[in-house]
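K.L.:
Please read through the structure below; I'll follow up with questions.
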Amino acid sequence: MLDILIVFLPLLGAIVAGFLGRALGDRGAQMATVLPLCLAAVLSIIVFIQVGLVGEARTTELFTWFDSGAFELSWALRVDTLTAVMFCVVTIVSAVVHIYSVGYMAEDKSIPRFMAYLSLFTFFMLMLVSADNFVQMFFGWEGVGLASYLLIGFWYEKPSACSAAIKAFLVNRVGDIGFALGIAGAFLLFGAVQFDTVFAQVANFSDTTVTAFGIEGHALTIICLLLFIGAMGKSAQLGLHTWLPDAMEGPTPVSALIHAATMVTAGIFMLCRLSPIFEYAPSALEVVTVVGASTAFFAATVGLTQNDIKRVVAYSTCSQLGYMFFAIGVSAYGAAMFHLMTHAFFKALLFLGAGSVIHAMHHEQDMRKMGGLYKKIPITYALMWIGTLALVGFGIPGLGIGFAGFYSKDIVLEAAFAAHSAVGSYAFWLGIAAAAMTAFYSGRLIFMTFHGQTRADPHTFEHAHESPRVMIWPLYLLAVGAVLAGAVFYGLFVGDGRDGFWGSSLLALHDIIEEAHHVPFWVKALPMVMTLTGLGLSWWIYVRNPWIAGALAERLRPLYLFSFNKWYFDELYDVIFVRPAYYLGRGFWKSGDGALIDGVGPDGVAAATLNLARRAGRLQSGYLYHYAFAMLIGVVALVSWYLLVTLG
């Protein structure tokens with residue numbers, strides 16, 4: 001019963017706020033969505049204790065969904081440790097975002113609609129993580145995409161918001177096609193879509209090959225690569241990442257929800273859920289490792305030069321997702337989920353903290369127009385430092401003392417090193433480089449926003465003030481998670497208690513996490529060295545010598561522009577995909593639809609009829625001698641015909 005309430009309470013709130021919002025008013029719609037989410041968060045903690053700590057995993061069948069011939073599929077809620085962890089992450093962060101939104105969106109004219117969309121987003125994510133089969137997971141998967149489209153484009157009066165929503169929807173459709181094909185391939189191979197049925201058969205098909213277009217390939221590898229394409233879209237991995245920064249066009253609470261607990265974590269969860277399949281497709285795992293490591297490095301390089309405070313945090317999300325993916329690629333599924341959980345706390349804290357800055361600066365998001373704000377908003381400043389230190393993984397190696405990211409990011413890097421493979425080494429060293437850059441751009445954000453002489457408009461700076469309590473109090477809860485989540489849950493997620501904790505919800509044929517605990521000390525210390533180097537360098541440039549930043553940008557202008565323009569991925573896609581599609585579509589419209597179909601079809605028939613009518617109309621001149629002449633021609637024709645027939 002608890003599982004059902006957790007999943008459907010947000011849906012109830014969305015329905016009430018969405019359909020009765022006008023009658024309830026803004027405050028009523030807020031209460032109708034915030035209270036169910038808070039209750040769901042409390043129930044999720046209870047379920048986490050029952051399932052994760054006590055071991056009471058269960059599957060609750062709700063009703064028969066499909067019953068066609070031999071194919072029968074139930075709608076069921078699968079609640080094991082993996083689901084219980086996601087329940088807590090999704091509902092706690094979503095509840096915090098809902099409460100924060102009460103203050104942040106206070107002046108918006110469409111509060112009931114916004115709150116309904118938030119709750120609907122949460123429902124679809126909960127449906128995804130509790131899915132018992134591929135089809136049910138795909139339902140939640142597509143629902144999350146729909147809700148993200150609605151929320152990113154919430155301010156639909158802004159053309160940029162509409163464009164960003166469409167871009168997110170289309171880019172995710174590319175990944176979703178791969179996901180759908182992967183599901184179809186799994187059904188063809190295993191004859192089922194229910195997870196337990198599929199997982200039980202995987203080992204029997206470990207050597208199965210398929211042939212298509214004369215090319216033979218390993219069946220499980222092909223299926224896993226298709227499924228991974230779906231994960232790449234949702235979790236914004238390199239190549240399908242371009243929608244994520246543009247998603248910042250939505251309200252800040254939306255950014256926090258997308259980046260911390262819902263949409264982008266869906267791909268990580270899906271690969272971990274399907275670990276029993278991926279473990280028998282080592283080549284696919286190598287691809288996951290390379291793509292994840294490349295994404296972590298790429299996003300970190302772009303984050304170095306961005307000036308929009310939300311975009312800097314957005315690229316840090318993209319980079320951290322890369323860490324989670326290469327952890328999965330080396331079979332450290334527990335480490336990936338550990339980083340997902342800690343990341344949810346500190347990334348939501350950073351986004352909502354950025355929202356507090358934006359609120360104080362009257363919706364200004366450009367860090368070049370900030371500075372000196374620590375005196376104006378000291379609470380937000382302190383909370384942003386906590387989120388930043390958690391993100392960069394600040395801690396003391398060897399003593400096991402640090403912020404949440406210190407525990408989770410380090411175990412990911414240690415697992416990559418412990419893999420002792422080419423792709424593992426690739427991931428480790430790119431992860432180390434990304435750690436240094438993460439520390440630099442995170443320090444850059446803090447120092448440009450809060451330190452130095454203000455560059456803000458004098459009127460705006462003079463009236464800058466701390467956010468209301470309804471926006472600040474939720475940040476305290478996230479700050480507690482950003483500080484303590486790593487130390488508290490380390491033993492369960494990746495420590496000695498991991499086997500009992502995860503049970504059968506994750507499968508790793510080789511225990512790479514055990515080997516990660518025994519890597520050399522320099523491997524454990526190197527990330528912290530990179531973090532301190534990055535933070536120190538950012539302080540030296542942006543606090544002690546602010547002129548250096550501009551000089552470096554000018555001296556290294558090609559590299560600066562390459563980073564600032566996000567490696568020109570958008571421009572490249574515009575040339576390869578957008579413009580050809582535009583010209584092709586315009587050609588079909590003008591030449592195909594306009595000239596051929598309409599020209600020969602409806603427009604052609606209409607034009608011919610009109611022309612014929614006009615010609616016939618000219619015969620009706622109204623002059624008597626014209627009619628007499630026509631009658632004479634008729635008589636001549638009739639006589640000629642008669643003579644021809646008679647004499648012939």
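Following the order of the structure tokens, chains are lettered A, B, ..., residues in each are numbered from 1, and ligands are numbered from 1.
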With DSSP run on the backbone, what are the alpha helix (DSSP H) residues within range 478-632 of chain A? I'd like them as a VMD selection string.
P.N.:
chain A and resid 478 to 493 498 to 502 512 to 516 521 to 539 547 to 555 557 to 564 569 to 573 579 to 587 599 to 600 602 to 619 624 to 632
K.L.:
Show me, as a list of chain:residue names, the residues that have an atom within 8 Å of range 505-507 of chain A when counting only C-alpha atoms, minus same-chain residues fewer than 2 positions from it.
P.N.:
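Near range 505-507 of chain A, the qualifying residues are A:Asp80, A:Thr81, A:Leu82, A:Cys272, A:Arg273, A:Ser275, A:Pro276, A:Glu279, A:Tyr333, A:Gly334, A:Trp502, A:Gly503, A:Leu509.
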K.L.:
Quick one: pull the distance between CA of Leu181 in chain A and CA of Ser206 in chain A, Å, one decimal.
P.N.:
19.3 Å
K.L.:
Show me a table, sorted first by chain and then by increasing residue number, of the residues of range 34-119 of chain A having an atom at most 10 Å from range 467-475 of chain A, each with its shortest atom pair and the distance in Å to one decimal, counting only C-alpha atoms and written as a Markdown table.
P.N.:
```
| residue | atom | partner | partner_atom | distance |
| --- | --- | --- | --- | --- |
| A:Val93 | CA | A:Pro474 | CA | 9.4 |
| A:Ala95 | CA | A:Pro474 | CA | 8.9 |
| A:Val96 | CA | A:Pro474 | CA | 5.5 |
| A:Val97 | CA | A:Pro474 | CA | 7.8 |
| A:His98 | CA | A:Pro474 | CA | 9.5 |
| A:Ile99 | CA | A:Val470 | CA | 6.7 |
| A:Tyr100 | CA | A:Met471 | CA | 4.6 |
| A:Ser101 | CA | A:Met471 | CA | 7.5 |
| A:Val102 | CA | A:Val470 | CA | 7.0 |
| A:Gly103 | CA | A:Met471 | CA | 5.7 |
| A:Tyr104 | CA | A:Met471 | CA | 6.9 |
```
K.L.:
Next, write the just-selected residues to a file, as a JSON list (two decimals), in the first residue's frame, keeping all heavy atoms as the atom set.
P.N.:
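Listing of again08.json after writing:
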```json
[["chain", "number", "residue", "atom", "x", "y", "z"],
["A", 93, "VAL", "N", 13.84, 15.38, -3.12],
["A", 93, "VAL", "CA", 14.23, 16.55, -3.91],
["A", 93, "VAL", "C", 13.01, 17.24, -4.50],
["A", 93, "VAL", "O", 12.91, 18.47, -4.50],
["A", 93, "VAL", "CB", 15.22, 16.14, -5.01],
["A", 93, "VAL", "CG1", 15.51, 17.32, -5.95],
["A", 93, "VAL", "CG2", 16.52, 15.63, -4.40],
["A", 95, "ALA", "N", 9.94, 17.28, -3.29],
["A", 95, "ALA", "CA", 9.22, 17.98, -2.22],
["A", 95, "ALA", "C", 9.92, 19.30, -1.90],
["A", 95, "ALA", "O", 9.25, 20.34, -1.72],
["A", 95, "ALA", "CB", 9.15, 17.09, -0.98],
["A", 96, "VAL", "N", 11.24, 19.27, -1.84],
["A", 96, "VAL", "CA", 11.99, 20.50, -1.58],
["A", 96, "VAL", "C", 11.76, 21.52, -2.69],
["A", 96, "VAL", "O", 11.54, 22.72, -2.43],
["A", 96, "VAL", "CB", 13.50, 20.18, -1.45],
["A", 96, "VAL", "CG1", 14.32, 21.46, -1.49],
["A", 96, "VAL", "CG2", 13.77, 19.43, -0.16],
["A", 97, "VAL", "N", 11.78, 21.06, -3.94],
["A", 97, "VAL", "CA", 11.56, 21.95, -5.08],
["A", 97, "VAL", "C", 10.14, 22.53, -5.05],
["A", 97, "VAL", "O", 9.93, 23.71, -5.35],
["A", 97, "VAL", "CB", 11.83, 21.21, -6.40],
["A", 97, "VAL", "CG1", 11.35, 22.03, -7.59],
["A", 97, "VAL", "CG2", 13.31, 20.89, -6.54],
["A", 98, "HIS", "N", 9.17, 21.70, -4.68],
["A", 98, "HIS", "CA", 7.78, 22.19, -4.58],
["A", 98, "HIS", "C", 7.67, 23.31, -3.55],
["A", 98, "HIS", "O", 7.04, 24.34, -3.80],
["A", 98, "HIS", "CB", 6.84, 21.04, -4.20],
["A", 98, "HIS", "CG", 6.35, 20.24, -5.37],
["A", 98, "HIS", "ND1", 7.16, 19.41, -6.10],
["A", 98, "HIS", "CD2", 5.12, 20.14, -5.94],
["A", 98, "HIS", "CE1", 6.46, 18.83, -7.06],
["A", 98, "HIS", "NE2", 5.21, 19.26, -6.99],
["A", 99, "ILE", "N", 8.28, 23.09, -2.39],
["A", 99, "ILE", "CA", 8.22, 24.12, -1.33],
["A", 99, "ILE", "C", 8.93, 25.39, -1.78],
["A", 99, "ILE", "O", 8.42, 26.50, -1.62],
["A", 99, "ILE", "CB", 8.84, 23.58, -0.02],
["A", 99, "ILE", "CG1", 8.02, 22.39, 0.50],
["A", 99, "ILE", "CG2", 8.91, 24.68, 1.03],
["A", 99, "ILE", "CD1", 8.68, 21.64, 1.65],
["A", 100, "TYR", "N", 10.11, 25.23, -2.37],
["A", 100, "TYR", "CA", 10.88, 26.36, -2.87],
["A", 100, "TYR", "C", 10.08, 27.15, -3.91],
["A", 100, "TYR", "O", 10.13, 28.39, -3.94],
["A", 100, "TYR", "CB", 12.18, 25.83, -3.47],
["A", 100, "TYR", "CG", 13.12, 26.86, -4.03],
["A", 100, "TYR", "CD1", 14.13, 27.41, -3.25],
["A", 100, "TYR", "CD2", 13.05, 27.24, -5.38],
["A", 100, "TYR", "CE1", 15.02, 28.33, -3.78],
["A", 100, "TYR", "CE2", 13.93, 28.16, -5.91],
["A", 100, "TYR", "CZ", 14.92, 28.70, -5.11],
["A", 100, "TYR", "OH", 15.81, 29.60, -5.63],
["A", 101, "SER", "N", 9.33, 26.44, -4.75],
["A", 101, "SER", "CA", 8.57, 27.08, -5.82],
["A", 101, "SER", "C", 7.49, 28.00, -5.28],
["A", 101, "SER", "O", 7.07, 28.94, -5.98],
["A", 101, "SER", "CB", 7.95, 26.02, -6.74],
["A", 101, "SER", "OG", 8.94, 25.22, -7.34],
["A", 102, "VAL", "N", 7.00, 27.72, -4.08],
["A", 102, "VAL", "CA", 5.98, 28.59, -3.49],
["A", 102, "VAL", "C", 6.50, 30.02, -3.39],
["A", 102, "VAL", "O", 5.78, 30.99, -3.67],
["A", 102, "VAL", "CB", 5.57, 28.07, -2.10],
["A", 102, "VAL", "CG1", 4.65, 29.06, -1.39],
["A", 102, "VAL", "CG2", 4.88, 26.71, -2.23],
["A", 103, "GLY", "N", 7.77, 30.17, -3.03],
["A", 103, "GLY", "CA", 8.35, 31.51, -2.95],
["A", 103, "GLY", "C", 8.85, 32.01, -4.29],
["A", 103, "GLY", "O", 8.62, 33.15, -4.66],
["A", 104, "TYR", "N", 9.54, 31.13, -5.04],
["A", 104, "TYR", "CA", 10.19, 31.57, -6.28],
["A", 104, "TYR", "C", 9.17, 31.99, -7.33],
["A", 104, "TYR", "O", 9.39, 32.95, -8.07],
["A", 104, "TYR", "CB", 11.06, 30.44, -6.83],
["A", 104, "TYR", "CG", 11.97, 30.88, -7.96],
["A", 104, "TYR", "CD1", 13.21, 31.43, -7.69],
["A", 104, "TYR", "CD2", 11.58, 30.74, -9.29],
["A", 104, "TYR", "CE1", 14.05, 31.84, -8.72],
["A", 104, "TYR", "CE2", 12.40, 31.14, -10.33],
["A", 104, "TYR", "CZ", 13.64, 31.70, -10.03],
["A", 104, "TYR", "OH", 14.47, 32.10, -11.05]]
```
K.L.:
Counting only C-alpha atoms, what is within 6 Å of range 57-66 of chain A, bar same-chain residues fewer than 4 positions away, as a list of chain:residue names?
P.N.:
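Contacts, with the query itself left out: A:Val51, A:Glu72, A:Leu73, A:Ser74, A:Trp75, A:Ala76, A:Leu77, A:Arg78, A:Val79, A:Asp80.
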K.L.:
Contacts between range 428-441 of chain A and range 484-575 of chain A, please, where a residue of range 484-575 of chain A counts if it comes within 12 Å (with only C-alpha atoms); show its shortest atom pair and distance in Å to one decimal, rows by chain and ascending number, as a Markdown table.
P.N.:
```
| residue | atom | partner | partner_atom | distance |
| --- | --- | --- | --- | --- |
| A:Ala516 | CA | A:Phe428 | CA | 12.0 |
| A:Val523 | CA | A:Phe428 | CA | 9.5 |
| A:Lys524 | CA | A:Ile432 | CA | 10.9 |
| A:Ala525 | CA | A:Ile432 | CA | 10.8 |
| A:Leu526 | CA | A:Ile432 | CA | 7.6 |
| A:Pro527 | CA | A:Ile432 | CA | 6.0 |
| A:Met528 | CA | A:Ala435 | CA | 8.6 |
| A:Val529 | CA | A:Ala436 | CA | 8.4 |
| A:Met530 | CA | A:Ala436 | CA | 4.6 |
| A:Thr531 | CA | A:Ala439 | CA | 5.2 |
| A:Leu532 | CA | A:Ala439 | CA | 7.4 |
| A:Thr533 | CA | A:Ala436 | CA | 6.9 |
| A:Gly534 | CA | A:Phe440 | CA | 4.2 |
| A:Leu535 | CA | A:Phe440 | CA | 5.2 |
| A:Gly536 | CA | A:Phe440 | CA | 7.9 |
| A:Leu537 | CA | A:Phe440 | CA | 6.7 |
| A:Ser538 | CA | A:Phe440 | CA | 5.2 |
| A:Trp539 | CA | A:Phe440 | CA | 8.6 |
| A:Trp540 | CA | A:Phe440 | CA | 10.5 |
| A:Ile541 | CA | A:Phe440 | CA | 10.0 |
| A:Tyr542 | CA | A:Phe440 | CA | 10.3 |
```
K.L.:
Can you list, as a PyMOL selection string, every protein, DNA or RNA residue that comes within 9 Å of Val291 in chain A when you count only C-alpha atoms, leaving out same-chain residues fewer than 5 positions away?
P.N.:
chain A and resi 232+237-238+286+296+322+325-326
K.L.:
Just the residues within 10 Å of Gly21 in chain A, please, counting only C-alpha atoms, with nothing from its chain fewer than 6 positions along; format it as a PDB file with N, CA and C atoms, in the first residue's frame.
P.N.:
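Final output, saved to selection_27.pdb:
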```pdb
ATOM      1  N   ALA A  14      -1.263  16.527  -9.036  1.00  0.00           N
ATOM      2  CA  ALA A  14      -1.249  17.120 -10.371  1.00  0.00           C
ATOM      3  C   ALA A  14      -2.660  17.262 -10.924  1.00  0.00           C
ATOM      4  N   ILE A  15      -3.498  16.253 -10.713  1.00  0.00           N
ATOM      5  CA  ILE A  15      -4.877  16.302 -11.212  1.00  0.00           C
ATOM      6  C   ILE A  15      -5.669  17.403 -10.510  1.00  0.00           C
ATOM      7  N   ARG A  27      -2.906  29.561  -3.745  1.00  0.00           N
ATOM      8  CA  ARG A  27      -2.541  28.931  -2.479  1.00  0.00           C
ATOM      9  C   ARG A  27      -3.099  27.521  -2.394  1.00  0.00           C
ATOM     10  N   GLY A  28      -4.320  27.331  -2.837  1.00  0.00           N
ATOM     11  CA  GLY A  28      -4.913  25.990  -2.796  1.00  0.00           C
ATOM     12  C   GLY A  28      -4.179  25.013  -3.685  1.00  0.00           C
ATOM     13  N   ALA A  29      -3.774  25.468  -4.882  1.00  0.00           N
ATOM     14  CA  ALA A  29      -3.029  24.599  -5.796  1.00  0.00           C
ATOM     15  C   ALA A  29      -1.674  24.236  -5.212  1.00  0.00           C
ATOM     16  N   GLN A  30      -1.044  25.191  -4.553  1.00  0.00           N
ATOM     17  CA  GLN A  30       0.241  24.907  -3.916  1.00  0.00           C
ATOM     18  C   GLN A  30       0.092  23.866  -2.804  1.00  0.00           C
ATOM     19  N   ALA A  32      -2.262  21.647  -2.557  1.00  0.00           N
ATOM     20  CA  ALA A  32      -2.699  20.378  -3.144  1.00  0.00           C
ATOM     21  C   ALA A  32      -1.541  19.590  -3.743  1.00  0.00           C
ATOM     22  N   SER A 110       0.623  31.922 -13.534  1.00  0.00           N
ATOM     23  CA  SER A 110       0.100  30.570 -13.814  1.00  0.00           C
ATOM     24  C   SER A 110       0.611  29.566 -12.779  1.00  0.00           C
ATOM     25  N   ILE A 111       0.443  29.896 -11.520  1.00  0.00           N
ATOM     26  CA  ILE A 111       0.965  29.043 -10.449  1.00  0.00           C
ATOM     27  C   ILE A 111       0.322  27.653 -10.444  1.00  0.00           C
ATOM     28  N   PRO A 112      -1.007  27.520 -10.547  1.00  0.00           N
ATOM     29  CA  PRO A 112      -1.593  26.165 -10.539  1.00  0.00           C
ATOM     30  C   PRO A 112      -1.054  25.282 -11.658  1.00  0.00           C
ATOM     31  N   ARG A 113      -0.901  25.846 -12.841  1.00  0.00           N
ATOM     32  CA  ARG A 113      -0.371  25.065 -13.968  1.00  0.00           C
ATOM     33  C   ARG A 113       1.057  24.618 -13.690  1.00  0.00           C
ATOM     34  N   MET A 115       2.577  24.173 -10.734  1.00  0.00           N
ATOM     35  CA  MET A 115       2.616  23.164  -9.676  1.00  0.00           C
ATOM     36  C   MET A 115       2.095  21.814 -10.185  1.00  0.00           C
ATOM     37  N   ALA A 116       1.084  21.859 -11.048  1.00  0.00           N
ATOM     38  CA  ALA A 116       0.554  20.618 -11.621  1.00  0.00           C
ATOM     39  C   ALA A 116       1.604  19.928 -12.486  1.00  0.00           C
TER      40      ALA A 116
END
```
K.L.:
Name the closest residue to Thr388 in chain A among the candidates A:Ser408, A:Gln306, A:Ser316, A:Asn204; distances are taken between atoms, counting only C-alpha atoms.
P.N.:
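When distances to Thr388 in chain A are compared using only C-alpha atoms, the smallest one comes from A:Ser316.
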K.L.:
Excluding same-chain residues fewer than 4 positions from Val287 in chain A, what lies within 9 Å of it counting only C-alpha atoms, as an MDAnalysis selection string?
P.N.:
chainID A and resid 225 282:283 291:292 329 423
K.L.:
Since we have the selection now, will you write its residues out, keeping N, CA, C and O atoms, as a compact mmCIF listing (two decimals), in the first residue's frame?
P.N.:
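So result17.txt came out as:
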```
# COMPACT_ATOMS: atom_id res chain seq x y z
N LEU A 225 23.56 -1.67 -26.76
CA LEU A 225 23.93 -0.41 -27.39
C LEU A 225 22.69 0.41 -27.74
O LEU A 225 22.68 1.64 -27.59
N PRO A 282 30.16 -7.15 -22.64
CA PRO A 282 31.32 -6.34 -22.24
C PRO A 282 31.70 -5.26 -23.25
O PRO A 282 32.18 -4.19 -22.87
N SER A 283 31.48 -5.51 -24.52
CA SER A 283 31.80 -4.50 -25.53
C SER A 283 30.90 -3.28 -25.37
O SER A 283 31.35 -2.14 -25.55
N VAL A 291 32.12 6.81 -23.65
CA VAL A 291 31.19 7.93 -23.82
C VAL A 291 31.05 8.71 -22.51
O VAL A 291 31.06 9.95 -22.51
N GLY A 292 30.94 8.00 -21.39
CA GLY A 292 30.82 8.68 -20.10
C GLY A 292 32.04 9.52 -19.77
O GLY A 292 31.91 10.67 -19.35
N GLY A 329 30.15 1.65 -16.72
CA GLY A 329 30.94 0.98 -17.75
C GLY A 329 31.99 0.03 -17.20
O GLY A 329 32.33 -0.96 -17.85
N VAL A 423 40.05 1.17 -21.40
CA VAL A 423 38.94 2.12 -21.24
C VAL A 423 38.86 2.62 -19.80
O VAL A 423 38.48 3.78 -19.55
```
K.L.:
Write out as a ChimeraX atom specification which residues come within 8 Å of range 264-269 of chain A when counting only C-alpha atoms, dropping same-chain ones fewer than 2 positions away.
P.N.:
/A:125,128-129,141,228,230-236,258-262,271-273,321,324-325,336-337,340
K.L.:
Go ahead and save the picked residues with C-alpha atoms, as a short mmCIF file (atom, residue, chain, number, x, y, z; two decimals), in the first residue's frame.
P.N.:
```cif
data_model
loop_
_atom_site.label_atom_id
_atom_site.label_comp_id
_atom_site.auth_asym_id
_atom_site.auth_seq_id
_atom_site.Cartn_x
_atom_site.Cartn_y
_atom_site.Cartn_z
CA MET A 125 9.66 9.54 -12.80
CA LEU A 128 9.71 4.81 -14.40
CA VAL A 129 11.76 3.72 -11.39
CA TRP A 141 10.29 7.29 -19.89
CA PHE A 228 22.33 2.90 -24.16
CA GLY A 230 18.13 5.88 -25.05
CA ALA A 231 20.11 6.55 -21.88
CA MET A 232 22.38 8.96 -23.76
CA GLY A 233 19.39 11.07 -24.76
CA LYS A 234 17.76 11.29 -21.35
CA SER A 235 21.03 11.73 -19.46
CA ALA A 236 22.56 14.18 -21.97
CA ILE A 258 15.51 17.97 -14.07
CA HIS A 259 19.20 18.06 -13.16
CA ALA A 260 19.09 16.64 -9.66
CA ALA A 261 16.45 13.94 -9.35
CA THR A 262 14.34 13.23 -12.39
CA LEU A 271 21.41 0.96 -17.07
CA CYS A 272 21.69 -0.09 -13.43
CA ARG A 273 18.31 -1.81 -13.58
CA LEU A 321 26.56 12.28 -15.29
CA MET A 324 28.16 7.93 -13.30
CA PHE A 325 28.19 6.42 -16.77
CA ALA A 336 27.18 5.03 -9.90
CA MET A 337 24.03 4.95 -7.75
CA LEU A 340 23.62 9.75 -8.25
#
```
K.L.:
Of the residues A:Gly495, A:Gly617, A:Gly372, A:Pro378, which is the one nearest to Val543 in chain A, using only C-alpha atoms?
P.N.:
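Of A:Gly495, A:Gly617, A:Gly372, A:Pro378, the one nearest Val543 in chain A is A:Gly372, counting only C-alpha atoms.
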K.L.:
Determine the nearest neighbour of Thr305 in chain A from the options A:Leu559, A:Ala332, A:Met127, A:Ile548, counting only C-alpha atoms.
P.N.:
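With only C-alpha atoms as the atom set, the closest residue is A:Leu559.
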K.L.:
Counting only C-alpha atoms, figure out which residue out of A:Ile512, A:Met31, A:Phe190, A:Ile379 gets nearest to Ser421 in chain A.
P.N.:
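So, comparing all the options, the nearest one is A:Ile512.
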K.L.:
Could you please write out, as a list in words, every residue of range 147-347 of chain A that DSSP assigns to strand (DSSP E or B)?
P.N.:
Gln194, Thr209, Val210, Thr211, Ala212, Ile215, Glu216, Gly217, His218 and Asp308 of chain A
K.L.:
Could you save those same residues with all heavy atoms as a CSV table (one decimal), in the first residue's frame?
P.N.:
```csv
chain,number,residue,atom,x,y,z
A,194,GLN,N,9.1,-8.7,-19.3
A,194,GLN,CA,9.1,-8.6,-17.9
A,194,GLN,C,10.5,-8.9,-17.4
A,194,GLN,O,11.2,-9.8,-17.8
A,194,GLN,CB,8.1,-9.7,-17.3
A,194,GLN,CG,7.6,-9.3,-15.9
A,194,GLN,CD,8.5,-9.9,-14.8
A,194,GLN,OE1,9.3,-10.8,-15.1
A,194,GLN,NE2,8.3,-9.4,-13.6
A,209,THR,N,24.2,-14.9,-31.6
A,209,THR,CA,24.5,-13.8,-32.6
A,209,THR,C,23.3,-13.7,-33.5
A,209,THR,O,22.5,-14.6,-33.7
A,209,THR,CB,25.7,-14.2,-33.5
A,209,THR,OG1,25.5,-15.4,-34.1
A,209,THR,CG2,27.0,-14.3,-32.6
A,210,VAL,N,23.2,-12.5,-34.1
A,210,VAL,CA,22.1,-12.2,-35.1
A,210,VAL,C,22.8,-11.7,-36.4
A,210,VAL,O,23.9,-11.1,-36.3
A,210,VAL,CB,21.1,-11.2,-34.6
A,210,VAL,CG1,20.3,-11.8,-33.4
A,210,VAL,CG2,21.8,-9.9,-34.2
A,211,THR,N,22.1,-11.9,-37.5
A,211,THR,CA,22.6,-11.4,-38.8
A,211,THR,C,21.6,-10.5,-39.4
A,211,THR,O,20.4,-10.8,-39.5
A,211,THR,CB,22.9,-12.6,-39.7
A,211,THR,OG1,23.8,-13.5,-39.1
A,211,THR,CG2,23.4,-12.1,-41.1
A,212,ALA,N,22.0,-9.3,-39.8
A,212,ALA,CA,21.1,-8.3,-40.5
A,212,ALA,C,21.9,-7.7,-41.6
A,212,ALA,O,23.1,-7.2,-41.4
A,212,ALA,CB,20.6,-7.3,-39.5
A,215,ILE,N,25.4,-8.7,-42.1
A,215,ILE,CA,26.4,-8.5,-41.0
A,215,ILE,C,26.0,-9.2,-39.8
A,215,ILE,O,24.9,-9.1,-39.3
A,215,ILE,CB,26.5,-7.0,-40.7
A,215,ILE,CG1,26.9,-6.2,-42.0
A,215,ILE,CG2,27.5,-6.7,-39.6
A,215,ILE,CD1,26.8,-4.7,-41.8
A,216,GLU,N,26.9,-10.0,-39.2
A,216,GLU,CA,26.7,-10.8,-38.0
A,216,GLU,C,27.2,-10.0,-36.8
A,216,GLU,O,28.3,-9.4,-36.8
A,216,GLU,CB,27.4,-12.1,-38.1
A,216,GLU,CG,27.0,-13.1,-37.0
A,216,GLU,CD,27.6,-14.4,-37.1
A,216,GLU,OE1,28.7,-14.5,-37.7
A,216,GLU,OE2,27.0,-15.4,-36.7
A,217,GLY,N,26.4,-10.0,-35.7
A,217,GLY,CA,26.8,-9.3,-34.5
A,217,GLY,C,26.3,-10.0,-33.3
A,217,GLY,O,25.3,-10.8,-33.3
A,218,HIS,N,26.9,-9.7,-32.1
A,218,HIS,CA,26.5,-10.3,-30.9
A,218,HIS,C,25.2,-9.7,-30.4
A,218,HIS,O,25.1,-8.5,-30.3
A,218,HIS,CB,27.6,-10.0,-29.8
A,218,HIS,CG,27.4,-10.7,-28.5
A,218,HIS,ND1,27.4,-10.0,-27.3
A,218,HIS,CD2,27.1,-12.0,-28.2
A,218,HIS,CE1,27.1,-10.8,-26.3
A,218,HIS,NE2,27.0,-12.0,-26.8
A,308,ASP,N,26.6,32.5,-17.7
A,308,ASP,CA,25.2,32.4,-17.1
A,308,ASP,C,25.4,31.5,-15.9
A,308,ASP,O,25.8,30.3,-16.0
A,308,ASP,CB,24.3,31.8,-18.1
A,308,ASP,CG,22.8,31.8,-17.6
A,308,ASP,OD1,22.6,31.2,-16.5
A,308,ASP,OD2,21.9,32.3,-18.3
```
K.L.:
Looking at A:Ala184, A:Cys88, A:Ala415, A:Val605, which one is nearest to Cys224 in chain A, with distances taken over only C-alpha atoms?
P.N.:
A:Ala184
K.L.:
Rounded to one decimal place, report the CA of Ile183 in chain A-CA of Asp3 in chain A distance in Å.
P.N.:
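These two atoms are separated by 25.5 Å.
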K.L.:
Using CA of Gly486 in chain A and CA of Leu257 in chain A as the two end points, give the distance in Å to one decimal.
P.N.:
20.5 Å
